[in-house]
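Shown next: work19.pdb, containing PDB, C-alpha atoms.
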ATOM      1  CA  MET A   1      18.415  19.343  14.583  1.00  0.00           C
ATOM      2  CA  ARG A   2      17.612  16.456  16.850  1.00  0.00           C
ATOM      3  CA  SER A   3      15.724  14.514  14.180  1.00  0.00           C
ATOM      4  CA  ARG A   4      18.685  15.066  11.851  1.00  0.00           C
ATOM      5  CA  GLY A   5      20.955  13.397  14.379  1.00  0.00           C
ATOM      6  CA  VAL A   6      18.561  10.479  14.653  1.00  0.00           C
ATOM      7  CA  LEU A   7      18.427  10.193  10.850  1.00  0.00           C
ATOM      8  CA  ARG A   8      22.213   9.985  10.729  1.00  0.00           C
ATOM      9  CA  GLY A   9      22.021   7.132  13.184  1.00  0.00           C
ATOM     10  CA  GLY A  10      19.653   5.398  10.790  1.00  0.00           C
ATOM     11  CA  THR A  11      16.843   4.896  13.306  1.00  0.00           C
ATOM     12  CA  ALA A  12      14.422   7.355  11.691  1.00  0.00           C
ATOM     13  CA  ALA A  13      15.261   5.978   8.240  1.00  0.00           C
ATOM     14  CA  TRP A  14      14.629   2.408   9.455  1.00  0.00           C
ATOM     15  CA  LEU A  15      11.370   3.477  11.118  1.00  0.00           C
ATOM     16  CA  GLY A  16      10.295   5.314   7.959  1.00  0.00           C
ATOM     17  CA  GLN A  17      11.098   2.222   5.903  1.00  0.00           C
ATOM     18  CA  ALA A  18       9.096  -0.025   8.255  1.00  0.00           C
ATOM     19  CA  VAL A  19       6.060   2.296   8.488  1.00  0.00           C
ATOM     20  CA  THR A  20       5.902   2.903   4.719  1.00  0.00           C
ATOM     21  CA  GLY A  21       6.399  -0.848   4.223  1.00  0.00           C
ATOM     22  CA  VAL A  22       3.337  -1.656   6.333  1.00  0.00           C
ATOM     23  CA  LEU A  23       1.337   1.082   4.558  1.00  0.00           C
ATOM     24  CA  LEU A  24       2.442  -0.392   1.219  1.00  0.00           C
ATOM     25  CA  VAL A  25       0.966  -3.765   2.121  1.00  0.00           C
ATOM     26  CA  VAL A  26      -2.441  -2.075   2.474  1.00  0.00           C
ATOM     27  CA  LEU A  27      -2.210   0.540  -0.307  1.00  0.00           C
ATOM     28  CA  GLY A  28      -0.389  -1.809  -2.696  1.00  0.00           C
ATOM     29  CA  SER A  29      -3.029  -4.487  -2.181  1.00  0.00           C
ATOM     30  CA  VAL A  30      -5.804  -1.991  -2.943  1.00  0.00           C
ATOM     31  CA  HIS A  31      -3.898  -0.817  -6.039  1.00  0.00           C
ATOM     32  CA  MET A  32      -3.278  -4.350  -7.322  1.00  0.00           C
ATOM     33  CA  VAL A  33      -6.869  -5.490  -6.731  1.00  0.00           C
ATOM     34  CA  ALA A  34      -8.448  -2.339  -8.173  1.00  0.00           C
ATOM     35  CA  GLN A  35      -6.139  -1.952 -11.179  1.00  0.00           C
ATOM     36  CA  HIS A  36      -5.555  -5.586 -12.090  1.00  0.00           C
ATOM     37  CA  PHE A  37      -7.696  -8.211 -10.360  1.00  0.00           C
ATOM     38  CA  THR A  38     -11.114  -6.538 -10.776  1.00  0.00           C
ATOM     39  CA  ALA A  39     -10.432  -5.298 -14.303  1.00  0.00           C
ATOM     40  CA  PRO A  40     -11.744  -7.516 -17.107  1.00  0.00           C
ATOM     41  CA  GLY A  41      -8.715  -9.075 -18.823  1.00  0.00           C
ATOM     42  CA  GLY A  42      -6.324  -7.872 -16.118  1.00  0.00           C
ATOM     43  CA  LEU A  43      -5.801  -4.245 -17.124  1.00  0.00           C
ATOM     44  CA  ARG A  44      -8.215  -1.339 -17.358  1.00  0.00           C
ATOM     45  CA  THR A  45      -8.809   0.382 -20.664  1.00  0.00           C
ATOM     46  CA  TYR A  46      -8.109   4.117 -20.866  1.00  0.00           C
ATOM     47  CA  ASP A  47     -11.743   5.057 -20.208  1.00  0.00           C
ATOM     48  CA  GLN A  48     -11.899   2.674 -17.246  1.00  0.00           C
ATOM     49  CA  VAL A  49      -8.708   4.180 -15.757  1.00  0.00           C
ATOM     50  CA  VAL A  50     -10.102   7.700 -16.123  1.00  0.00           C
ATOM     51  CA  SER A  51     -13.464   6.881 -14.546  1.00  0.00           C
ATOM     52  CA  TYR A  52     -11.701   5.011 -11.711  1.00  0.00           C
ATOM     53  CA  LEU A  53      -9.331   7.900 -10.924  1.00  0.00           C
ATOM     54  CA  ARG A  54     -12.190  10.412 -11.027  1.00  0.00           C
ATOM     55  CA  GLN A  55     -13.672   8.794  -7.919  1.00  0.00           C
ATOM     56  CA  PRO A  56     -12.417  10.940  -4.981  1.00  0.00           C
ATOM     57  CA  ALA A  57     -11.609   7.913  -2.773  1.00  0.00           C
ATOM     58  CA  ALA A  58      -9.640   6.237  -5.582  1.00  0.00           C
ATOM     59  CA  PHE A  59      -7.748   9.457  -6.294  1.00  0.00           C
ATOM     60  CA  VAL A  60      -6.773   9.834  -2.613  1.00  0.00           C
ATOM     61  CA  ILE A  61      -5.743   6.173  -2.268  1.00  0.00           C
ATOM     62  CA  GLU A  62      -3.697   6.142  -5.494  1.00  0.00           C
ATOM     63  CA  THR A  63      -1.990   9.450  -4.611  1.00  0.00           C
ATOM     64  CA  ALA A  64      -1.156   8.156  -1.114  1.00  0.00           C
ATOM     65  CA  PHE A  65       0.171   4.947  -2.695  1.00  0.00           C
ATOM     66  CA  LEU A  66       2.324   7.014  -5.050  1.00  0.00           C
ATOM     67  CA  VAL A  67       3.899   9.049  -2.223  1.00  0.00           C
ATOM     68  CA  VAL A  68       4.402   6.058   0.084  1.00  0.00           C
ATOM     69  CA  VAL A  69       5.951   3.838  -2.596  1.00  0.00           C
ATOM     70  CA  ILE A  70       8.383   6.608  -3.611  1.00  0.00           C
ATOM     71  CA  VAL A  71       9.468   7.245   0.009  1.00  0.00           C
ATOM     72  CA  HIS A  72       9.896   3.502   0.641  1.00  0.00           C
ATOM     73  CA  ALA A  73      11.819   2.916  -2.605  1.00  0.00           C
ATOM     74  CA  LEU A  74      14.196   5.836  -2.116  1.00  0.00           C
ATOM     75  CA  LEU A  75      14.857   4.988   1.547  1.00  0.00           C
ATOM     76  CA  GLY A  76      15.662   1.471   0.337  1.00  0.00           C
ATOM     77  CA  ALA A  77      17.993   2.824  -2.350  1.00  0.00           C
ATOM     78  CA  ARG A  78      19.675   4.948   0.342  1.00  0.00           C
ATOM     79  CA  ALA A  79      20.205   1.915   2.571  1.00  0.00           C
ATOM     80  CA  VAL A  80      21.725  -0.073  -0.318  1.00  0.00           C
ATOM     81  CA  ALA A  81      23.989   2.849  -1.255  1.00  0.00           C
ATOM     82  CA  LEU A  82      25.133   3.339   2.366  1.00  0.00           C
ATOM     83  CA  ASP A  83      25.999  -0.369   2.523  1.00  0.00           C
ATOM     84  CA  LEU A  84      28.613   0.324  -0.137  1.00  0.00           C
ATOM     85  CA  GLY A  85      30.393   2.577   2.374  1.00  0.00           C
ATOM     86  CA  PRO A  86      30.539   5.944   0.602  1.00  0.00           C
ATOM     87  CA  ALA A  87      32.656   8.754   2.103  1.00  0.00           C
ATOM     88  CA  ARG A  88      30.828  11.121   4.462  1.00  0.00           C
ATOM     89  CA  HIS A  89      30.583  14.003   1.959  1.00  0.00           C
ATOM     90  CA  TRP A  90      28.997  11.619  -0.566  1.00  0.00           C
ATOM     91  CA  GLN A  91      26.351  10.618   1.994  1.00  0.00           C
ATOM     92  CA  ARG A  92      25.177  14.246   2.166  1.00  0.00           C
ATOM     93  CA  ARG A  93      25.037  14.465  -1.625  1.00  0.00           C
ATOM     94  CA  LEU A  94      23.212  11.132  -1.753  1.00  0.00           C
ATOM     95  CA  ASP A  95      20.543  12.380   0.689  1.00  0.00           C
ATOM     96  CA  LEU A  96      20.040  15.605  -1.263  1.00  0.00           C
ATOM     97  CA  GLY A  97      19.962  13.749  -4.599  1.00  0.00           C
ATOM     98  CA  LEU A  98      17.398  11.220  -3.381  1.00  0.00           C
ATOM     99  CA  LEU A  99      15.284  14.004  -1.850  1.00  0.00           C
ATOM    100  CA  ALA A 100      15.306  15.886  -5.163  1.00  0.00           C
ATOM    101  CA  LEU A 101      14.490  12.680  -7.074  1.00  0.00           C
ATOM    102  CA  GLY A 102      11.628  11.924  -4.665  1.00  0.00           C
ATOM    103  CA  ILE A 103      10.113  15.389  -5.084  1.00  0.00           C
ATOM    104  CA  LEU A 104      10.495  15.132  -8.871  1.00  0.00           C
ATOM    105  CA  MET A 105       8.862  11.680  -9.029  1.00  0.00           C
ATOM    106  CA  THR A 106       6.003  12.749  -6.749  1.00  0.00           C
ATOM    107  CA  CYS A 107       5.274  15.879  -8.800  1.00  0.00           C
ATOM    108  CA  TYR A 108       5.493  13.854 -12.035  1.00  0.00           C
ATOM    109  CA  GLY A 109       3.110  11.159 -10.759  1.00  0.00           C
ATOM    110  CA  ILE A 110       0.569  13.591  -9.343  1.00  0.00           C
ATOM    111  CA  GLY A 111       0.848  15.722 -12.484  1.00  0.00           C
ATOM    112  CA  ILE A 112       0.001  12.762 -14.743  1.00  0.00           C
ATOM    113  CA  THR A 113      -2.867  11.717 -12.468  1.00  0.00           C
ATOM    114  CA  LEU A 114      -4.323  15.239 -12.485  1.00  0.00           C
ATOM    115  CA  LYS A 115      -3.903  15.498 -16.259  1.00  0.00           C
ATOM    116  CA  VAL A 116      -5.861  12.263 -16.711  1.00  0.00           C
ATOM    117  CA  VAL A 117      -8.543  13.191 -14.176  1.00  0.00           C
ATOM    118  CA  LEU A 118      -9.059  16.725 -15.499  1.00  0.00           C
ATOM    119  CA  ARG A 119      -9.001  15.730 -19.170  1.00  0.00           C
TER     120      ARG A 119
ATOM    121  CA  MET B   1      40.501   2.561  -8.920  1.00  0.00           C
ATOM    122  CA  ARG B   2      40.906   1.104  -5.445  1.00  0.00           C
ATOM    123  CA  GLY B   3      37.502   2.522  -4.434  1.00  0.00           C
ATOM    124  CA  GLN B   4      35.812   1.039  -7.516  1.00  0.00           C
ATOM    125  CA  PHE B   5      37.385  -2.338  -6.827  1.00  0.00           C
ATOM    126  CA  SER B   6      36.128  -2.179  -3.273  1.00  0.00           C
ATOM    127  CA  ILE B   7      32.554  -1.354  -4.334  1.00  0.00           C
ATOM    128  CA  SER B   8      32.425  -4.076  -7.010  1.00  0.00           C
ATOM    129  CA  ARG B   9      33.696  -6.612  -4.452  1.00  0.00           C
ATOM    130  CA  ARG B  10      30.974  -5.544  -2.023  1.00  0.00           C
ATOM    131  CA  ILE B  11      28.292  -5.931  -4.707  1.00  0.00           C
ATOM    132  CA  LEU B  12      29.604  -9.379  -5.716  1.00  0.00           C
ATOM    133  CA  ALA B  13      29.665 -10.393  -2.046  1.00  0.00           C
ATOM    134  CA  TRP B  14      25.880  -9.863  -1.940  1.00  0.00           C
ATOM    135  CA  VAL B  15      25.206 -12.556  -4.504  1.00  0.00           C
ATOM    136  CA  ASP B  16      27.767 -15.089  -3.300  1.00  0.00           C
ATOM    137  CA  PHE B  17      25.635 -17.649  -1.452  1.00  0.00           C
ATOM    138  CA  ARG B  18      28.514 -20.035  -0.595  1.00  0.00           C
ATOM    139  CA  GLY B  19      28.389 -20.970   3.081  1.00  0.00           C
ATOM    140  CA  ARG B  20      25.628 -18.469   3.799  1.00  0.00           C
ATOM    141  CA  LYS B  21      22.954 -19.044   6.429  1.00  0.00           C
ATOM    142  CA  PRO B  22      19.230 -18.436   5.685  1.00  0.00           C
ATOM    143  CA  GLY B  23      19.343 -14.997   7.361  1.00  0.00           C
ATOM    144  CA  MET B  24      22.087 -13.806   5.014  1.00  0.00           C
ATOM    145  CA  VAL B  25      20.388 -15.365   1.977  1.00  0.00           C
ATOM    146  CA  ALA B  26      17.148 -13.588   2.978  1.00  0.00           C
ATOM    147  CA  PHE B  27      19.098 -10.317   3.314  1.00  0.00           C
ATOM    148  CA  VAL B  28      20.583 -10.703  -0.164  1.00  0.00           C
ATOM    149  CA  ILE B  29      17.234 -11.652  -1.710  1.00  0.00           C
ATOM    150  CA  HIS B  30      15.645  -8.636   0.015  1.00  0.00           C
ATOM    151  CA  ARG B  31      18.298  -6.334  -1.451  1.00  0.00           C
ATOM    152  CA  VAL B  32      18.174  -7.817  -4.959  1.00  0.00           C
ATOM    153  CA  THR B  33      14.352  -7.753  -5.110  1.00  0.00           C
ATOM    154  CA  GLY B  34      14.404  -4.230  -3.658  1.00  0.00           C
ATOM    155  CA  VAL B  35      16.691  -2.951  -6.405  1.00  0.00           C
ATOM    156  CA  GLY B  36      14.617  -4.829  -9.001  1.00  0.00           C
ATOM    157  CA  LEU B  37      11.380  -3.313  -7.695  1.00  0.00           C
ATOM    158  CA  LEU B  38      12.943   0.165  -7.738  1.00  0.00           C
ATOM    159  CA  LEU B  39      13.825  -0.326 -11.413  1.00  0.00           C
ATOM    160  CA  TYR B  40      10.277  -1.591 -12.039  1.00  0.00           C
ATOM    161  CA  LEU B  41       8.889   1.531 -10.312  1.00  0.00           C
ATOM    162  CA  LEU B  42      10.917   3.767 -12.637  1.00  0.00           C
ATOM    163  CA  ALA B  43       9.708   1.772 -15.667  1.00  0.00           C
ATOM    164  CA  HIS B  44       6.135   2.000 -14.335  1.00  0.00           C
ATOM    165  CA  PHE B  45       6.456   5.789 -14.297  1.00  0.00           C
ATOM    166  CA  VAL B  46       7.476   5.756 -17.951  1.00  0.00           C
ATOM    167  CA  VAL B  47       4.476   3.554 -18.775  1.00  0.00           C
ATOM    168  CA  LEU B  48       2.172   5.901 -16.861  1.00  0.00           C
ATOM    169  CA  SER B  49       3.219   8.736 -19.139  1.00  0.00           C
ATOM    170  CA  LEU B  50       1.285   6.840 -21.840  1.00  0.00           C
ATOM    171  CA  LEU B  51      -1.881   7.682 -19.900  1.00  0.00           C
ATOM    172  CA  ALA B  52      -1.130  11.358 -20.430  1.00  0.00           C
ATOM    173  CA  ALA B  53      -0.534  10.673 -24.134  1.00  0.00           C
ATOM    174  CA  GLY B  54      -4.155   9.631 -24.596  1.00  0.00           C
ATOM    175  CA  PRO B  55      -6.381   6.579 -25.163  1.00  0.00           C
ATOM    176  CA  GLU B  56      -4.660   5.239 -28.291  1.00  0.00           C
ATOM    177  CA  ALA B  57      -1.223   5.118 -26.654  1.00  0.00           C
ATOM    178  CA  TRP B  58      -2.605   3.506 -23.485  1.00  0.00           C
ATOM    179  CA  ASP B  59      -4.719   0.895 -25.228  1.00  0.00           C
ATOM    180  CA  ARG B  60      -1.753  -0.021 -27.481  1.00  0.00           C
ATOM    181  CA  PHE B  61       0.302  -0.611 -24.330  1.00  0.00           C
ATOM    182  CA  VAL B  62      -2.471  -2.754 -22.796  1.00  0.00           C
ATOM    183  CA  ALA B  63      -2.418  -4.971 -25.902  1.00  0.00           C
ATOM    184  CA  VAL B  64       1.360  -5.458 -25.548  1.00  0.00           C
ATOM    185  CA  ALA B  65       1.031  -6.052 -21.792  1.00  0.00           C
ATOM    186  CA  LYS B  66      -1.203  -9.061 -22.473  1.00  0.00           C
ATOM    187  CA  THR B  67       1.389 -10.941 -24.550  1.00  0.00           C
ATOM    188  CA  PRO B  68       2.933 -14.059 -22.914  1.00  0.00           C
ATOM    189  CA  PRO B  69       6.436 -12.564 -22.307  1.00  0.00           C
ATOM    190  CA  MET B  70       4.887  -9.595 -20.499  1.00  0.00           C
ATOM    191  CA  LEU B  71       2.623 -11.920 -18.495  1.00  0.00           C
ATOM    192  CA  ALA B  72       5.721 -13.889 -17.465  1.00  0.00           C
ATOM    193  CA  LEU B  73       7.283 -10.635 -16.253  1.00  0.00           C
ATOM    194  CA  ASP B  74       4.075  -9.974 -14.285  1.00  0.00           C
ATOM    195  CA  VAL B  75       4.504 -13.326 -12.505  1.00  0.00           C
ATOM    196  CA  LEU B  76       8.135 -12.422 -11.754  1.00  0.00           C
ATOM    197  CA  LEU B  77       6.919  -9.083 -10.371  1.00  0.00           C
ATOM    198  CA  VAL B  78       4.385 -10.815  -8.120  1.00  0.00           C
ATOM    199  CA  ALA B  79       7.122 -13.160  -6.837  1.00  0.00           C
ATOM    200  CA  ALA B  80       9.455 -10.228  -6.085  1.00  0.00           C
ATOM    201  CA  LEU B  81       6.673  -8.269  -4.360  1.00  0.00           C
ATOM    202  CA  LEU B  82       5.740 -11.262  -2.186  1.00  0.00           C
ATOM    203  CA  VAL B  83       9.282 -12.232  -1.197  1.00  0.00           C
ATOM    204  CA  HIS B  84      10.266  -8.617  -0.503  1.00  0.00           C
ATOM    205  CA  GLY B  85       7.006  -7.707   1.250  1.00  0.00           C
ATOM    206  CA  LEU B  86       6.778 -10.774   3.485  1.00  0.00           C
ATOM    207  CA  ASN B  87      10.447 -10.541   4.434  1.00  0.00           C
ATOM    208  CA  GLY B  88       9.931  -6.827   5.142  1.00  0.00           C
ATOM    209  CA  ILE B  89       7.069  -7.648   7.507  1.00  0.00           C
ATOM    210  CA  ARG B  90       9.321 -10.256   9.184  1.00  0.00           C
ATOM    211  CA  LEU B  91      12.112  -7.690   9.564  1.00  0.00           C
ATOM    212  CA  SER B  92       9.719  -5.081  10.980  1.00  0.00           C
ATOM    213  CA  ALA B  93       8.400  -7.614  13.491  1.00  0.00           C
ATOM    214  CA  LEU B  94      11.981  -8.573  14.367  1.00  0.00           C
ATOM    215  CA  GLY B  95      12.817  -4.906  14.931  1.00  0.00           C
ATOM    216  CA  LEU B  96       9.902  -4.692  17.369  1.00  0.00           C
ATOM    217  CA  GLY B  97      11.148  -7.772  19.222  1.00  0.00           C
ATOM    218  CA  PHE B  98       8.913 -10.448  17.671  1.00  0.00           C
ATOM    219  CA  GLY B  99      10.098 -13.670  16.077  1.00  0.00           C
ATOM    220  CA  ALA B 100      13.769 -13.478  17.059  1.00  0.00           C
ATOM    221  CA  LEU B 101      13.833 -17.010  18.486  1.00  0.00           C
ATOM    222  CA  ARG B 102      12.216 -18.545  15.403  1.00  0.00           C
ATOM    223  CA  TYR B 103      13.755 -16.350  12.731  1.00  0.00           C
ATOM    224  CA  ARG B 104      15.000 -19.271  10.610  1.00  0.00           C
ATOM    225  CA  GLN B 105      11.565 -20.894  10.523  1.00  0.00           C
ATOM    226  CA  LEU B 106       9.948 -17.539   9.727  1.00  0.00           C
ATOM    227  CA  ILE B 107      12.301 -17.034   6.778  1.00  0.00           C
ATOM    228  CA  TRP B 108      11.246 -20.407   5.364  1.00  0.00           C
ATOM    229  CA  VAL B 109       7.578 -19.542   5.999  1.00  0.00           C
ATOM    230  CA  THR B 110       7.939 -16.340   3.936  1.00  0.00           C
ATOM    231  CA  TRP B 111       9.604 -18.288   1.107  1.00  0.00           C
ATOM    232  CA  VAL B 112       6.981 -21.045   1.081  1.00  0.00           C
ATOM    233  CA  ILE B 113       4.057 -18.582   1.155  1.00  0.00           C
ATOM    234  CA  SER B 114       5.694 -16.570  -1.638  1.00  0.00           C
ATOM    235  CA  ALA B 115       6.152 -19.677  -3.796  1.00  0.00           C
ATOM    236  CA  VAL B 116       2.590 -20.945  -3.254  1.00  0.00           C
ATOM    237  CA  VAL B 117       0.901 -17.573  -3.829  1.00  0.00           C
ATOM    238  CA  THR B 118       3.106 -16.823  -6.868  1.00  0.00           C
ATOM    239  CA  ALA B 119       2.138 -20.180  -8.377  1.00  0.00           C
ATOM    240  CA  ALA B 120      -1.573 -19.489  -7.773  1.00  0.00           C
ATOM    241  CA  VAL B 121      -1.447 -15.911  -9.093  1.00  0.00           C
ATOM    242  CA  GLY B 122       0.720 -17.014 -12.033  1.00  0.00           C
ATOM    243  CA  TYR B 123      -1.859 -19.641 -12.950  1.00  0.00           C
ATOM    244  CA  GLY B 124      -4.595 -16.993 -12.689  1.00  0.00           C
ATOM    245  CA  ILE B 125      -2.670 -14.509 -14.829  1.00  0.00           C
ATOM    246  CA  PHE B 126      -2.088 -16.996 -17.663  1.00  0.00           C
ATOM    247  CA  ALA B 127      -5.547 -18.574 -17.360  1.00  0.00           C
ATOM    248  CA  THR B 128      -7.307 -15.221 -17.765  1.00  0.00           C
ATOM    249  CA  GLY B 129      -4.770 -13.808 -20.219  1.00  0.00           C
ATOM    250  CA  GLY B 130      -3.941 -10.834 -18.047  1.00  0.00           C
TER     251      GLY B 130
END
Is it possible to express this structure as structure tokens?
Amino acid sequence: MRSRGVLRGGTAAWLGQAVTGVLLVVLGSVHMVAQHFTAPGGLRTYDQVVSYLRQPAAFVIETAFLVVVIVHALLGARAVALDLGPARHWQRRLDLGLLALGILMTCYGIGITLKVVLR
Amino acid sequence: MRGQFSISRRILAWVDFRGRKPGMVAFVIHRVTGVGLLLYLLAHFVVLSLLAAGPEAWDRFVAVAKTPPMLALDVLLVAALLVHGLNGIRLSALGLGFGALRYRQLIWVTWVISAVVTAAVGYGIFATGG
């Protein structure tokens, strides 16, 4: 209950945004370098993507990147939406909607990754 | 109707730079790039579904991704990532009590670094064709 009160104050949301932001600098850099800068021609072919994701370390890093980027993006969307001054009952719906969207996006991303890895 | 008018006015106020100080301009740029990157993330998810569709679908996408208009969008993406990321680091530091006295200079530093790195990466992207 206490953390919920803090969240309403925005402190936990700000902290979550800052922490995921710092993590994104690291994980996003690894993602960009691995997926784009080290790949011949800028993008990996299908076989190269599969062999890259089948490495356990790459799978863990890319999955962590997926979760962190979704949390950061949806917290950012929440902040933008709250700036528009919605009524209190809409704030609750917004939180629930973004939570549902976050879970859906995470499951979708991990599902695709697993499908590619296990193919 | 009154509520809609109020929201549209608030959105328009974000992009009205008249008489704004660097801090407010940085705030607006952070918001605009944030919304843009969120839309890119959603589009990226759609593109990733091509991986699940198999090698032909993915390799067809890679061929399209290497055309000049798509490369230009890549440069735009890099610029948005840099501006948003560097300003985010500045804001996090500010929240922890660092850089408050030199916040204007730090804003300009983030913009200059973003411009220089975007130019370098943009050159690299077009020089290597991807």
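Reported to one decimal place, the separation of atom CA of Ile70 of chain A from atom CA of Trp111 of chain B is 25.4 Å.
Near Gly85 of chain B, within a cut-off of 8 Å and counting all atoms listed in the file, sit the residues Gly21 and Val25 of chain A; Leu81, Leu82, Gly88 and Ile89 of chain B, with same-chain residues fewer than 3 positions away left out.
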Residue subset to file, keeping C-alpha atoms, as a JSON list (two decimals), in the frame of the given file:
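The new file out_19.json reads:
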[["chain", "number", "residue", "atom", "x", "y", "z"],
["A", 21, "GLY", "CA", 6.40, -0.85, 4.22],
["A", 25, "VAL", "CA", 0.97, -3.76, 2.12],
["B", 81, "LEU", "CA", 6.67, -8.27, -4.36],
["B", 82, "LEU", "CA", 5.74, -11.26, -2.19],
["B", 88, "GLY", "CA", 9.93, -6.83, 5.14],
["B", 89, "ILE", "CA", 7.07, -7.65, 7.51]]
Hey, what comes out of the ChimeraX specification (/B :<8) & /A on this file? Could you write it as a short mmCIF file (atom, residue, chain, number, x, y, z; two decimals) with C-alpha atoms, in the frame of the given file?
data_model
loop_
_atom_site.label_atom_id
_atom_site.label_comp_id
_atom_site.auth_asym_id
_atom_site.auth_seq_id
_atom_site.Cartn_x
_atom_site.Cartn_y
_atom_site.Cartn_z
CA ALA A 18 9.10 -0.02 8.26
CA GLY A 21 6.40 -0.85 4.22
CA VAL A 22 3.34 -1.66 6.33
CA VAL A 25 0.97 -3.76 2.12
CA GLY A 41 -8.72 -9.07 -18.82
CA GLY A 42 -6.32 -7.87 -16.12
CA LEU A 43 -5.80 -4.24 -17.12
CA THR A 45 -8.81 0.38 -20.66
CA TYR A 46 -8.11 4.12 -20.87
CA ASP A 47 -11.74 5.06 -20.21
CA ALA A 73 11.82 2.92 -2.60
CA GLY A 76 15.66 1.47 0.34
CA ALA A 77 17.99 2.82 -2.35
CA VAL A 80 21.72 -0.07 -0.32
CA LEU A 84 28.61 0.32 -0.14
CA GLY A 109 3.11 11.16 -10.76
CA ILE A 112 0.00 12.76 -14.74
CA LYS A 115 -3.90 15.50 -16.26
CA VAL A 116 -5.86 12.26 -16.71
#
- [ ] Apply the PyMOL selection byres ((chain A and resi 90-104) around 12) to the file shown and report the selected residues as a PyMOL selection string.
- [x] (chain A and resi 4+7-8+13+66-89+105-111) or (chain B and resi 42+45)
Pick out the residues sitting within 10 Å of Arg104 of chain B, and hand them over as a short mmCIF file (atom, residue, chain, number, x, y, z; two decimals) with C-alpha atoms, keeping the file's coordinate frame; count all atoms listed in the file, and ignore anything fewer than 4 positions along from it in its own chain.
data_model
loop_
_atom_site.label_atom_id
_atom_site.label_comp_id
_atom_site.auth_asym_id
_atom_site.auth_seq_id
_atom_site.Cartn_x
_atom_site.Cartn_y
_atom_site.Cartn_z
CA LYS B 21 22.95 -19.04 6.43
CA PRO B 22 19.23 -18.44 5.68
CA GLY B 23 19.34 -15.00 7.36
CA ALA B 26 17.15 -13.59 2.98
CA GLY B 99 10.10 -13.67 16.08
CA ALA B 100 13.77 -13.48 17.06
CA TRP B 108 11.25 -20.41 5.36
CA VAL B 109 7.58 -19.54 6.00
#
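Rounded to one decimal, atom CA of Gly36 of chain B and atom CA of Gly97 of chain B lie 28.6 Å from each other.
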Open item on the list: Can you measure atom CA of Gln35 of chain A to atom CA of Asp74 of chain B for me? One decimal in Å is fine.
Closed with: 13.4 Å
- [ ] Could you expand the PyMOL selection byres ((chain B and resi 114) around 9) into the explicit residues it covers here, written as JSON, numbers by chain?
- [x] {"B": [78, 79, 80, 81, 82, 83, 86, 109, 110, 111, 112, 113, 115, 116, 117, 118, 119]}
Could you work out an axis-aligned box for segment 22-41 of chain A, taking every atom the file lists and adding 6 Å on each side, and report centre and edge lengths in Å to one decimal, as lines of an AutoDock Vina configuration file?
center_x = -4.2
center_y = -4.0
center_z = -6.2
size_x = 27.1
size_y = 22.2
size_z = 37.2
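Closest to Leu27 of chain A among A:Ser51, A:Phe65, A:Arg119, A:Pro56 is A:Phe65, based on all atoms listed in the file.
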